[in-house]
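Everything below concerns the one structure shown next.
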Amino acid sequence: MVKSMTGYGRAVETRNGREFTVEIRSVNNRYLDCTVKMPRIFSFAEDAVKQLVKAEVSRGKVDVFVSVNAEAASDVQVTLNQPVVEGYLSAMRQMVEKYGVQDDISVTALARMPDVFLVEKPQADEQQLKEDLLGVVKEALANYNHMREVEGAALEADLRSRAATILDLVTQVEQASPQTVADYRKRLEEKMREVLENKSIDESRILTEAAIFADKVAVDEETVRLRSHLEQMDTMLTNGGGVGRKLDFLLQEMNREANTTGSKCTDVKIARIVVDIKAELEKIREQTQNLE
């Protein structure tokens, strides 16, 4: 299945007392460019997140946003720094005795002093944190890929429809090409009769001229290669995966065959058909820019 390069996925899950929110969004880009934005304390897991994205995405500008909220602060221990408190109290009492200032020492005043409290947090298990985070990232990636597959299916249907149109136009070129040579031979014969009037016409000369003309305007090779390229396109879409870049190269070859066909043809009808082929190829090229 082919996928679109644009997509969005989100996952929110609480694991081991922490709520993880992961959002993934992407836009078109020639190559894979992944940016991860997360709290600094989780920076150790950034490379692991990028590796998960790389395993699922082959190209596109991908942004991953991670936010983490702790459910409660029950695992944080706050204790009194007794030596510091006693030092403050002693100094304040000396101020009262020595300078005769008002003794208004209070808990509120002491609590504002630096280093009165000791705040201790248990050492986080980085391995567990990484596993929890990556689990939510995987869920967000699944949602993100689902959206890309839905859009990819719509793109594939459009590409197949346009490829079928081109195949029909190629068939029209093949059917009209022999008639072009026949019409040329008829015009050549009429012109020679007009010039020579009632004199006999060298049939072999007409055949030779017609053969030379037929060789110049023959588009058999181009139409055969166009058919082959369309078959390759069908195979790529059927196999799925990252086909966007491959289709880019294939379309260059198809455009080359269409241009050669257009330069060879002298018939107005065929010229118009070639213009239609090139128009469809351009629409396919535009849609291919959205494929991974």
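Chain lettering (A, B, ...) mirrors the order of the structure tokens, residue numbering begins at 1 for each chain separately, and ligand numbering begins at 1 in order of display.
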
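Note that DSSP on the backbone gives strand (DSSP E or B) to these residues of range 25-95 of chain A: Arg25, Ser26, Val27, Leu32, Asp33, Cys34, Thr35, Val36, Lys37, Gly60, Lys61, Val62, Asp63, Val64, Phe65, Val66, Ser67, Val68, Asn69, Ala70, Gln77, Val78, Thr79 and Leu80 of chain A.
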
Worksheet item: What's the 12 Å shell around Ser106 in chain A, counting only C-alpha atoms, without same-chain residues fewer than 3 positions away, as a VMD selection string?
Response: chain A and resid 85 88 to 89 92 102 to 103 109 to 113

Take the residues from that selection and write them out as a PDB file, in the first residue's frame, keeping C-alpha atoms.
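result.pdb, freshly written:
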```pdb
ATOM      1  CA  VAL A  85      17.176  26.877  60.172  1.00  0.00           C
ATOM      2  CA  TYR A  88      19.043  31.626  60.796  1.00  0.00           C
ATOM      3  CA  LEU A  89      17.318  31.591  64.227  1.00  0.00           C
ATOM      4  CA  MET A  92      18.097  36.650  64.167  1.00  0.00           C
ATOM      5  CA  GLN A 102      11.484  43.928  67.291  1.00  0.00           C
ATOM      6  CA  ASP A 103      11.427  40.176  67.651  1.00  0.00           C
ATOM      7  CA  ALA A 109       9.716  34.684  57.433  1.00  0.00           C
ATOM      8  CA  LEU A 110      11.946  31.663  57.900  1.00  0.00           C
ATOM      9  CA  ALA A 111      10.314  29.759  55.001  1.00  0.00           C
ATOM     10  CA  ARG A 112      11.360  32.514  52.643  1.00  0.00           C
ATOM     11  CA  MET A 113      15.028  32.109  53.489  1.00  0.00           C
TER      12      MET A 113
END
```

Worksheet item: Taking only C-alpha atoms into account, which of A:Cys34, A:Val119, A:Val275, A:Val173 comes nearest Phe65 in chain A?
Response: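 Counting only C-alpha atoms, the residue closest to Phe65 in chain A is A:Cys34.
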
Worksheet entry | Contact residues around Arg285 in chain A with only C-alpha atoms at 8 Å, ignoring same-chain residues under 4 positions, as a PyMOL selection string | chain A and resi 248+251+281+289

Residues from last step as file, N, CA, C and O atoms, as a short mmCIF file (atom, residue, chain, number, x, y, z; two decimals), in the first residue's frame:
```
data_model
loop_
_atom_site.label_atom_id
_atom_site.label_comp_id
_atom_site.auth_asym_id
_atom_site.auth_seq_id
_atom_site.Cartn_x
_atom_site.Cartn_y
_atom_site.Cartn_z
N ASP A 248 9.07 9.40 -9.64
CA ASP A 248 9.65 10.63 -10.19
C ASP A 248 10.55 10.32 -11.39
O ASP A 248 10.46 10.95 -12.44
N LEU A 251 8.54 8.92 -14.41
CA LEU A 251 7.80 9.96 -15.11
C LEU A 251 8.71 10.77 -16.03
O LEU A 251 8.27 11.24 -17.09
N LEU A 281 0.37 13.33 -17.74
CA LEU A 281 1.66 13.06 -17.08
C LEU A 281 2.00 14.15 -16.07
O LEU A 281 2.53 13.86 -14.99
N GLN A 289 4.25 13.98 -6.08
CA GLN A 289 4.97 14.78 -5.09
C GLN A 289 4.41 14.57 -3.69
O GLN A 289 5.07 14.89 -2.69
#
```

Item to complete: Choose the residue, out of A:Val116, A:Val84, A:Leu129, A:Met95, that has the smallest atom-to-atom separation from Phe42 in chain A; count only C-alpha atoms.
Response: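 Residue with the minimum atom-to-atom distance to Phe42 in chain A: A:Leu129.
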
Worksheet item: Looking at only C-alpha atoms, which of A:Val224, A:Ile41, A:Val12, A:Ala48 is the one that sits closest to Thr171 in chain A?
Response: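 Among the listed residues, the smallest separation from Thr171 in chain A belongs to A:Val224.
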
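One distance worth recording is that between CA of Gln175 in chain A and CA of Val274 in chain A, which is 13.3 Å.
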
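Residues in contact with Glu13 in chain A at 10 Å, where only C-alpha atoms are counted and same-chain residues fewer than 4 positions away are skipped, are listed as Arg18, Glu19, Phe20, Thr21, Val22, Val68, Asp132, Leu133, Gly135, Val136, Val137 and Glu139 of chain A.
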
Given the selection you just returned, output its residues as a file containing C-alpha atoms, formatted as a short mmCIF file (atom, residue, chain, number, x, y, z; two decimals), in the first residue's frame.
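Result file follows (again20.cif):
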```
data_model
loop_
_atom_site.label_atom_id
_atom_site.label_comp_id
_atom_site.auth_asym_id
_atom_site.auth_seq_id
_atom_site.Cartn_x
_atom_site.Cartn_y
_atom_site.Cartn_z
CA ARG A 18 3.12 10.02 34.02
CA GLU A 19 0.78 11.19 31.27
CA PHE A 20 2.52 11.10 27.87
CA THR A 21 1.12 13.06 24.93
CA VAL A 22 2.73 12.45 21.53
CA VAL A 68 4.84 14.74 29.89
CA ASP A 132 7.02 4.13 28.49
CA LEU A 133 7.66 6.99 26.06
CA GLY A 135 5.23 2.77 23.72
CA VAL A 136 3.15 5.93 23.32
CA VAL A 137 5.21 7.02 20.29
CA GLU A 139 0.69 4.26 19.20
#
```

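Pairwise distance (CA of Thr79 in chain A, CA of Leu118 in chain A) equals 5.1 Å.
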
Practice prompt. For Ile273 in chain A, work out the shell of residues within 12 Å, counting only C-alpha atoms and skipping chain neighbours fewer than 5 positions away, then give it as a VMD selection string.
Written response: chain A and resid 165 to 177 258 to 259 261 to 262 265 267 to 268 278 to 280

Item to complete: Within 12 Å of Glu23 in chain A, counting only C-alpha atoms, which residues show up once you throw out same-chain ones fewer than 3 positions away? Write them as a list in words, please.
Response: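 Within the cut-off, the hits are Gly7, Tyr8, Gly9, Arg10, Ala11, Val12, Glu13, Phe20, Ser26, Thr35, Val36, Lys37, Met38, Val62, Asp63, Val64, Phe65, Val66, Ser67, Val68, Val136, Val137, Lys138, Glu139, Ala140, Leu141, Ala142, Asn143 and Tyr144 of chain A.
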
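Distances here use only C-alpha atoms; by that measure, the residue among A:Arg160, A:Arg93, A:Arg59, A:Arg25 closest to Leu230 in chain A is A:Arg160.
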
Item to complete: Rank nothing, just name the residue among A:Ser161, A:Asn290, A:Asp234, A:Gln82 nearest to Lys61 in chain A, using only C-alpha atoms.
Response: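 The closest residue to Lys61 in chain A is A:Asn290.
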
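Reported to one decimal place, the separation of CA of Thr238 in chain A from CA of Arg148 in chain A is 16.4 Å.
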
Discussion item. Measuring between only C-alpha atoms, which one of A:Ala164, A:Ala45, A:Leu247, A:Ala70 shows the shortest distance to Gln128 in chain A?
Written reply: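 The closest residue to Gln128 in chain A is A:Ala45.
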
Discussion item. I'd like the contact shell of Gln287 in chain A - 9 Å cut-off, only C-alpha atoms, skipping same-chain residues fewer than 6 positions apart - returned as a list in words.
Written reply: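 The filter keeps Leu155, Asp158 and Leu159 of chain A.
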